[in-house]
Amino acid sequence: MRTTARRAVQVVCVLTTASLLAACGGAGKERPSEDGTAVGVTDSTIKVGAHFPLTGPAAPGYSEIPSGHQAFYEYVNDNGGVHGREIEMVVKDDAYNPTNTSAVTNDMILQDEIFAMVAGLGTPTHRAVVQRLNDDGIPDLFVSSGSLQWGDDPASSPMTFGWQPDYEIEGKIIGQYVKENMPDAKVGLFLQDDDFGEDGEKGARQFLDSQIVDVQKYTPGGSTDFSPQMSSFKSKGVDLVLGFNTPSYTALSQIAAQGVGFKSKWFYSNVGSDPALVGGLLASMTKGKIPAEQGVKLMDGMMTTEYIPGVDAPEDEWVKLWQKVWDEYSKKGSEKLTNYRIYGMSQAYTFVQALQANGKDLTRESIVETIEKEGASFEGPGLAPFRFSEDSHMGISGASVVELKNGASEPLTPVLVTDIGDAEIKEDDSAASDAPPSSGLPE
Amino acid sequence: MQQFLDTTLGGLVLGAVYAAFALALCLIWRSTRIVNFAQAAMAMVTTYIALSLINVDVPYWVAFLAAIAAGFMLGALVERLIIRPVEGKADLNAVILTLGLFMVLHGLTALVFGVQHRGFPAPVSTSAIEVGDTSIGITPFGVLTIVIVAVVMAGLVVLFRFTDLGLRMRASAFNGEVSRLLGVRVGRMLTLGWALAAAVGAVAGLLIAGGDLVNPAFMDPFVIYGFIAAVLGGLDSPIGSVIGGLILGLSLSYVTGYVGEHLAPLVALGILMLVLLVRPSGLFAAAAARRV
């Protein structure tokens, strides 16, 4: 018995040493140039990676984002790649569990030897790896989350960049709209109990501190019965709920509100408002089941924000481009273009744009420098410009307020642009008129 | 006042669901002296069976009955194929097996049905009932839930207390050897106990899923909460399980509505600790006269 144990220990030691050596060898052989590191880049390929929840409670919707990325990269690759290099994307499932995120990120760094992380999804999940990526000097581009922490302190996370509008400016834009247009509304906040809810509340309170009469929270993955929260709103006389929550929880909060007879106006953050997804869920939960296509009608009158054009605007030049790419390159032809796939393609567009702007000599350091210097002038599908600079790695700077009707969004305001803190909110439609180049490839 | 009423009614419905689940745990405990940690996963499987039927336009109540029948068979199969081989060995063996089964069922369901959230319809309205022009915090589906749980509980009490079959099941669980000497087909009784428990579990799963979203993990919170409810009631008593479930449902509802959702799991564990400290055998267990 004891010899077996000892032998097992020996075996483990040998294996550990071997894998350590392999890891060192792997990293060592690709550290060539004196100006910086270009692990994951060859003359003909660039390998990037990302973690996404492909399974678990956060998977609906979010798991579609990487398919958008991949379709767009294939489109770029078939059109000659970027400076002759084809883009390859490794996608790993973390099931929205930060412990898994660390493990799969480790795999991507050591085994897949990715050049950069692009669009890793989730606030709690990505937070688990942001330090590691920065310590190792790996570019961590365009995180799929609106948390402030990706961009408000480039000194401590120099390699990390946000992409979408952060939850604080979204909260500010929503807050100002409500204050100006519904000054008598009694506001209840329905918040995911993490940075998402916190940042949104911070923004909204700048304008609505005196109008907010109740705050209710939920823990993702916990109880799905929100009757107590809705009862509390009802008793405090709330007539406008601002929800900073993910899509499944939009559906669940609607059902719970019906269940306690709570009637209100609803204003969900962009993240939780996708009409196709939420409408489909609502339809299937209702008595007698109504067809999913009619589910979107259940969301009529809800307000939300919009920062890139979506599937409800098929005539938009960007959406035409996404549709063309998706029709040609989706792996399973039967699946439809969704707002999540458009989100992925829009992010992929920004990444390709950054690679183009960087030029042929690509290193981990140079891509970061390129985005800091030129990112603010990137023209893309975003309705507002990026805020990228040496002092800020925050993403898109604004959004417009919209109301949902029959699954489509009708604008209530022009594009409103601002920044974190007490920066003023200004109307600025300048970036909204950017059209894609005819090739569909960033120039 | 309105909030208190709404929160109380909501808590009662939630409690009824915990109670249904605790009943299933209690049944297996009564008939085999095993805590079945796979109960939630088994109920999840039968709920998915019902959902698949509903999605091909089978009427709700037919799917409901089919899920119960599937639960009955699943319970019997699990007892025969998985629990029977370790019978007579340490109790822990069977408990660990149920934990393993929990993981296997989780994985298999994810493979077969996918992991995405799907809506599960309710047979009756999930909108609040209106009295005059105010709505009260309970839905027709909530009322239905409470009624179904009450019927199931009454049925189990009658079975165990007033029928010959119930007596034989209890005897088999209490002392298999003596029961065998007295002519009870102990093996069959154990299988029946598991089958009945899984059928009750299936009912709980369907009530939890109605008007809600399901995914392979949707029953996971009930592993803990159902267990707490059952232990509150003493694991041995169907009525105790129901009252345990109601206490837990009400407490969680009040805490979520008045204090904050993040404290709910802590409070549940607090209640469990308190009961175990004050009455280790549960609120409704008969006092043990003598332990040998």
# chains A, B, ... in the order shown; residues from 1 in each chain; ligands from 1
$ residues_around --residues "Leu167 (chain B)" --least-positions-apart "3" --cutoff "12 Å" --atoms "only C-alpha atoms" --output "VMD selection string"
chain B and resid 30 to 31 156 to 164 170 to 174 179 184 186 189 193
$ closest_atom_pairs --of "region 264-381 of chain A" --to "region 136-159 of chain A" --cutoff "12 Å" --atoms "only C-alpha atoms" --output "CSV"
residue,atom,partner,partner_atom,distance
A:Ser269,CA,A:Gly146,CA,10.8
A:Asn270,CA,A:Gly146,CA,10.2
A:Val271,CA,A:Gly146,CA,9.0
A:Tyr340,CA,A:Ser144,CA,11.0
A:Tyr343,CA,A:Ser144,CA,9.2
A:Gly344,CA,A:Ser144,CA,9.0
A:Ser346,CA,A:Phe142,CA,10.7
A:Gln347,CA,A:Phe142,CA,7.1
A:Ala348,CA,A:Phe142,CA,9.2
A:Tyr349,CA,A:Phe142,CA,11.0
A:Thr350,CA,A:Phe142,CA,8.5
A:Phe351,CA,A:Leu141,CA,7.9
A:Val352,CA,A:Leu141,CA,11.5
A:Ala354,CA,A:Leu141,CA,10.0
A:Leu355,CA,A:Leu141,CA,11.6
A:Leu362,CA,A:Pro139,CA,11.8
A:Thr363,CA,A:Pro139,CA,9.6
A:Arg364,CA,A:Pro139,CA,6.0
A:Glu365,CA,A:Pro139,CA,7.8
A:Ser366,CA,A:Pro139,CA,9.8
A:Ile367,CA,A:Pro139,CA,7.7
A:Val368,CA,A:Met159,CA,6.5
A:Glu369,CA,A:Met159,CA,9.5
A:Thr370,CA,A:Pro139,CA,11.7
A:Ile371,CA,A:Leu141,CA,9.5
A:Glu372,CA,A:Pro158,CA,10.1
A:Gly375,CA,A:Phe142,CA,11.5
$ residues_around --residues "region 320-325 of chain A" --least-positions-apart "6" --cutoff "10 Å" --atoms "only C-alpha atoms" --output "ChimeraX atom specification"
/A:68,71-76,310-311,313-314,336-338,341-343,345-346,436-441
$ interface_residues --of "chain B" --to "chain A" --cutoff "7 Å" --atoms "only C-alpha atoms" --output "ChimeraX atom specification"
/B:2-3,6-7,10,115-128,135-139,211-212,253,256-257,261-262
$ residues_around --residues "Val13 (chain B)" --least-positions-apart "3" --cutoff "7 Å" --atoms "only C-alpha atoms" --output "list in words"
Leu9, Gly10, Ala16, Val17, Gly142, Thr145 and Ile146 of chain B
$ residues_around --residues "region 162-176 of chain A" --least-positions-apart "5" --cutoff "9 Å" --atoms "only C-alpha atoms" --output "compact mmCIF listing (two decimals) with C-alpha atoms, in the first residue's frame"
# COMPACT_ATOMS: atom_id res chain seq x y z
CA ALA A 119 -14.48 39.67 -26.07
CA ASP A 140 -7.44 41.79 -23.21
CA LEU A 141 -9.57 43.51 -25.79
CA PHE A 142 -13.22 44.52 -25.89
CA VAL A 143 -14.55 42.68 -22.85
CA SER A 144 -18.21 41.68 -23.31
CA SER A 145 -19.48 43.44 -20.22
CA GLY A 146 -20.31 47.01 -19.30
CA SER A 147 -18.49 47.05 -15.97
CA LEU A 148 -16.40 50.16 -15.33
CA GLN A 149 -13.37 48.20 -14.25
CA TRP A 150 -12.22 47.33 -17.79
CA GLY A 151 -11.46 50.89 -18.69
CA ASN A 181 -39.77 63.08 -19.05
CA ASP A 195 -21.12 45.34 -10.29
CA PHE A 196 -23.76 45.38 -13.02
CA GLY A 197 -26.50 46.50 -10.67
CA GLU A 198 -24.14 48.69 -8.63
CA ASP A 199 -22.74 50.66 -11.58
CA GLY A 200 -26.21 51.12 -13.07
CA GLU A 201 -27.57 52.37 -9.74
CA LYS A 202 -24.65 54.77 -9.40
CA GLY A 203 -25.44 56.32 -12.79
CA ALA A 204 -29.20 56.47 -12.26
CA ARG A 205 -28.87 58.02 -8.79
CA GLN A 206 -27.04 61.03 -10.23
CA PHE A 207 -30.43 62.13 -11.53
CA LEU A 208 -33.05 60.13 -9.66
CA LEU A 242 -35.55 50.34 -13.87
CA PHE A 244 -30.37 46.24 -14.53
CA PHE A 267 -37.31 50.32 -18.34
CA SER A 269 -31.03 48.12 -19.44
CA ASN A 270 -29.87 47.12 -22.92
CA THR A 304 -34.50 50.37 -23.07
CA THR A 305 -31.33 51.79 -24.63
CA TYR A 307 -26.02 51.53 -28.95
CA GLN A 347 -17.04 43.51 -31.78
CA THR A 350 -13.67 46.62 -34.11
CA GLY A 382 -21.61 51.92 -32.70
CA PHE A 386 -15.30 54.97 -28.52
CA PHE A 388 -10.21 55.02 -26.10
CA HIS A 393 -9.97 52.34 -21.99
CA MET A 394 -13.74 52.76 -21.83
CA GLY A 395 -15.76 51.65 -24.87
CA ILE A 396 -18.69 53.20 -26.72
CA SER A 397 -19.61 56.56 -25.20
CA GLY A 398 -23.38 56.65 -25.46
CA ALA A 399 -26.72 55.27 -26.52
CA SER A 400 -30.19 56.39 -27.39
CA VAL A 401 -33.33 55.72 -25.38
CA LEU A 416 -26.83 60.73 -26.03
CA VAL A 417 -23.09 60.80 -25.41
CA THR A 418 -21.34 61.13 -22.06
CA ASP A 419 -18.62 59.68 -19.84
CA ILE A 420 -18.37 58.31 -16.32
CA GLY A 421 -18.47 60.61 -13.29
CA ILE A 425 -24.78 64.26 -21.32
$ residues_around --residues "Ser264 (chain A)" --least-positions-apart "2" --cutoff "8 Å" --atoms "only C-alpha atoms" --output "ChimeraX atom specification"
/A:238-241,262,266
$ atom_distance --atom1 "CA of Leu274 (chain B)" --atom2 "CA of Tyr254 (chain B)"
18.0 Å
$ residues_around --residues "region 234-250 of chain B" --least-positions-apart "4" --cutoff "9 Å" --atoms "only C-alpha atoms" --output "PyMOL selection string"
chain B and resi 7-27+29-30+149-150+153-154+156-157+225-230+254-255+268+271+280-286
$ atom_distance --atom1 "CA of Glu180 (chain A)" --atom2 "CA of Ala384 (chain A)"
21.5 Å
$ select_by_dssp --residues "region 76-239 of chain B" --states "strand (DSSP E or B)" --output "PyMOL selection string"
chain B and resi 118-120+129-131+134-136+212-214
$ closest_residue --among "B:Val58, B:Ala76, B:Ala69, B:Ala43" --to "Thr191 (chain B)" --atoms "only C-alpha atoms"
B:Ala76
$ atom_distance --atom1 "CA of Glu335 (chain A)" --atom2 "CA of Gly279 (chain A)"
17.6 Å
$ closest_residue --among "A:Thr125, A:Asn134, A:Gln192, A:Gln211" --to "Val178 (chain A)" --atoms "only C-alpha atoms"
A:Gln211
$ select_by_dssp --residues "region 18-245 of chain A" --states "alpha helix (DSSP H)" --output "VMD selection string"
chain A and resid 18 to 29 59 to 62 65 to 78 98 to 110 123 to 135 167 to 181 195 to 208 227 to 235
$ write_last_selection --atoms "C-alpha atoms" --output "compact mmCIF listing (two decimals), in the first residue's frame"
# COMPACT_ATOMS: atom_id res chain seq x y z
CA ALA A 18 7.44 17.39 -17.65
CA SER A 19 4.42 19.64 -18.13
CA LEU A 20 6.25 22.59 -16.57
CA LEU A 21 9.16 22.08 -18.95
CA ALA A 22 6.77 21.78 -21.85
CA ALA A 23 5.03 24.98 -20.85
CA CYS A 24 8.32 26.88 -20.52
CA GLY A 25 9.58 25.50 -23.80
CA GLY A 26 6.34 26.50 -25.49
CA ALA A 27 6.46 30.05 -24.29
CA GLY A 28 10.18 30.41 -24.89
CA LYS A 29 10.32 29.46 -28.52
CA ALA A 59 -26.00 30.76 -21.90
CA PRO A 60 -29.27 31.75 -23.62
CA GLY A 61 -28.37 34.58 -25.96
CA TYR A 62 -24.79 35.02 -24.79
CA ILE A 65 -22.05 35.90 -29.52
CA PRO A 66 -19.00 33.79 -30.48
CA SER A 67 -20.79 32.49 -33.57
CA GLY A 68 -21.03 36.10 -34.73
CA HIS A 69 -17.31 36.57 -34.20
CA GLN A 70 -16.45 33.41 -36.05
CA ALA A 71 -18.68 34.21 -39.02
CA PHE A 72 -17.09 37.64 -39.39
CA TYR A 73 -13.52 36.32 -39.09
CA GLU A 74 -14.24 33.70 -41.75
CA TYR A 75 -15.55 36.46 -43.98
CA VAL A 76 -12.36 38.46 -43.40
CA ASN A 77 -10.17 35.38 -43.93
CA ASP A 78 -11.85 34.56 -47.23
CA PRO A 98 -15.38 32.42 -12.47
CA THR A 99 -13.51 29.31 -11.30
CA ASN A 100 -13.96 27.82 -14.75
CA THR A 101 -12.96 31.12 -16.36
CA SER A 102 -9.57 30.96 -14.65
CA ALA A 103 -9.06 27.38 -15.76
CA VAL A 104 -10.03 27.88 -19.41
CA THR A 105 -8.02 31.12 -19.62
CA ASN A 106 -5.02 29.22 -18.33
CA ASP A 107 -5.55 26.64 -21.07
CA MET A 108 -5.82 29.31 -23.71
CA ILE A 109 -2.62 31.02 -22.55
CA LEU A 110 -0.48 27.92 -22.04
CA THR A 123 -18.33 40.83 -15.14
CA PRO A 124 -17.75 38.26 -12.35
CA THR A 125 -16.13 35.84 -14.78
CA HIS A 126 -13.76 38.19 -16.52
CA ARG A 127 -12.80 39.83 -13.25
CA ALA A 128 -11.25 36.50 -12.26
CA VAL A 129 -8.72 36.65 -15.10
CA VAL A 130 -8.07 40.32 -15.69
CA GLN A 131 -5.09 40.44 -13.33
CA ARG A 132 -3.56 37.34 -14.87
CA LEU A 133 -3.88 38.68 -18.42
CA ASN A 134 -2.35 42.01 -17.43
CA ASP A 135 0.47 40.43 -15.44
CA TYR A 167 -23.42 50.49 -17.03
CA GLU A 168 -22.73 53.78 -15.28
CA ILE A 169 -23.22 55.93 -18.38
CA GLU A 170 -26.21 53.81 -19.32
CA GLY A 171 -27.62 54.48 -15.84
CA LYS A 172 -26.94 58.20 -16.31
CA ILE A 173 -28.66 58.32 -19.69
CA ILE A 174 -31.68 56.41 -18.37
CA GLY A 175 -31.72 58.56 -15.21
CA GLN A 176 -31.68 61.83 -17.09
CA TYR A 177 -34.40 60.67 -19.48
CA VAL A 178 -36.68 59.67 -16.60
CA LYS A 179 -35.99 62.88 -14.67
CA GLU A 180 -36.83 65.04 -17.70
CA ASN A 181 -39.77 63.08 -19.05
CA ASP A 195 -21.12 45.34 -10.29
CA PHE A 196 -23.76 45.38 -13.02
CA GLY A 197 -26.50 46.50 -10.67
CA GLU A 198 -24.14 48.69 -8.63
CA ASP A 199 -22.74 50.66 -11.58
CA GLY A 200 -26.21 51.12 -13.07
CA GLU A 201 -27.57 52.37 -9.74
CA LYS A 202 -24.65 54.77 -9.40
CA GLY A 203 -25.44 56.32 -12.79
CA ALA A 204 -29.20 56.47 -12.26
CA ARG A 205 -28.87 58.02 -8.79
CA GLN A 206 -27.04 61.03 -10.23
CA PHE A 207 -30.43 62.13 -11.53
CA LEU A 208 -33.05 60.13 -9.66
CA SER A 227 -42.91 37.69 -5.94
CA PRO A 228 -41.52 39.16 -2.68
CA GLN A 229 -39.53 41.78 -4.60
CA MET A 230 -42.53 42.69 -6.74
CA SER A 231 -44.81 42.84 -3.68
CA SER A 232 -42.41 45.33 -2.16
CA PHE A 233 -42.52 47.52 -5.30
CA LYS A 234 -46.30 47.31 -5.28
CA SER A 235 -46.62 48.35 -1.64
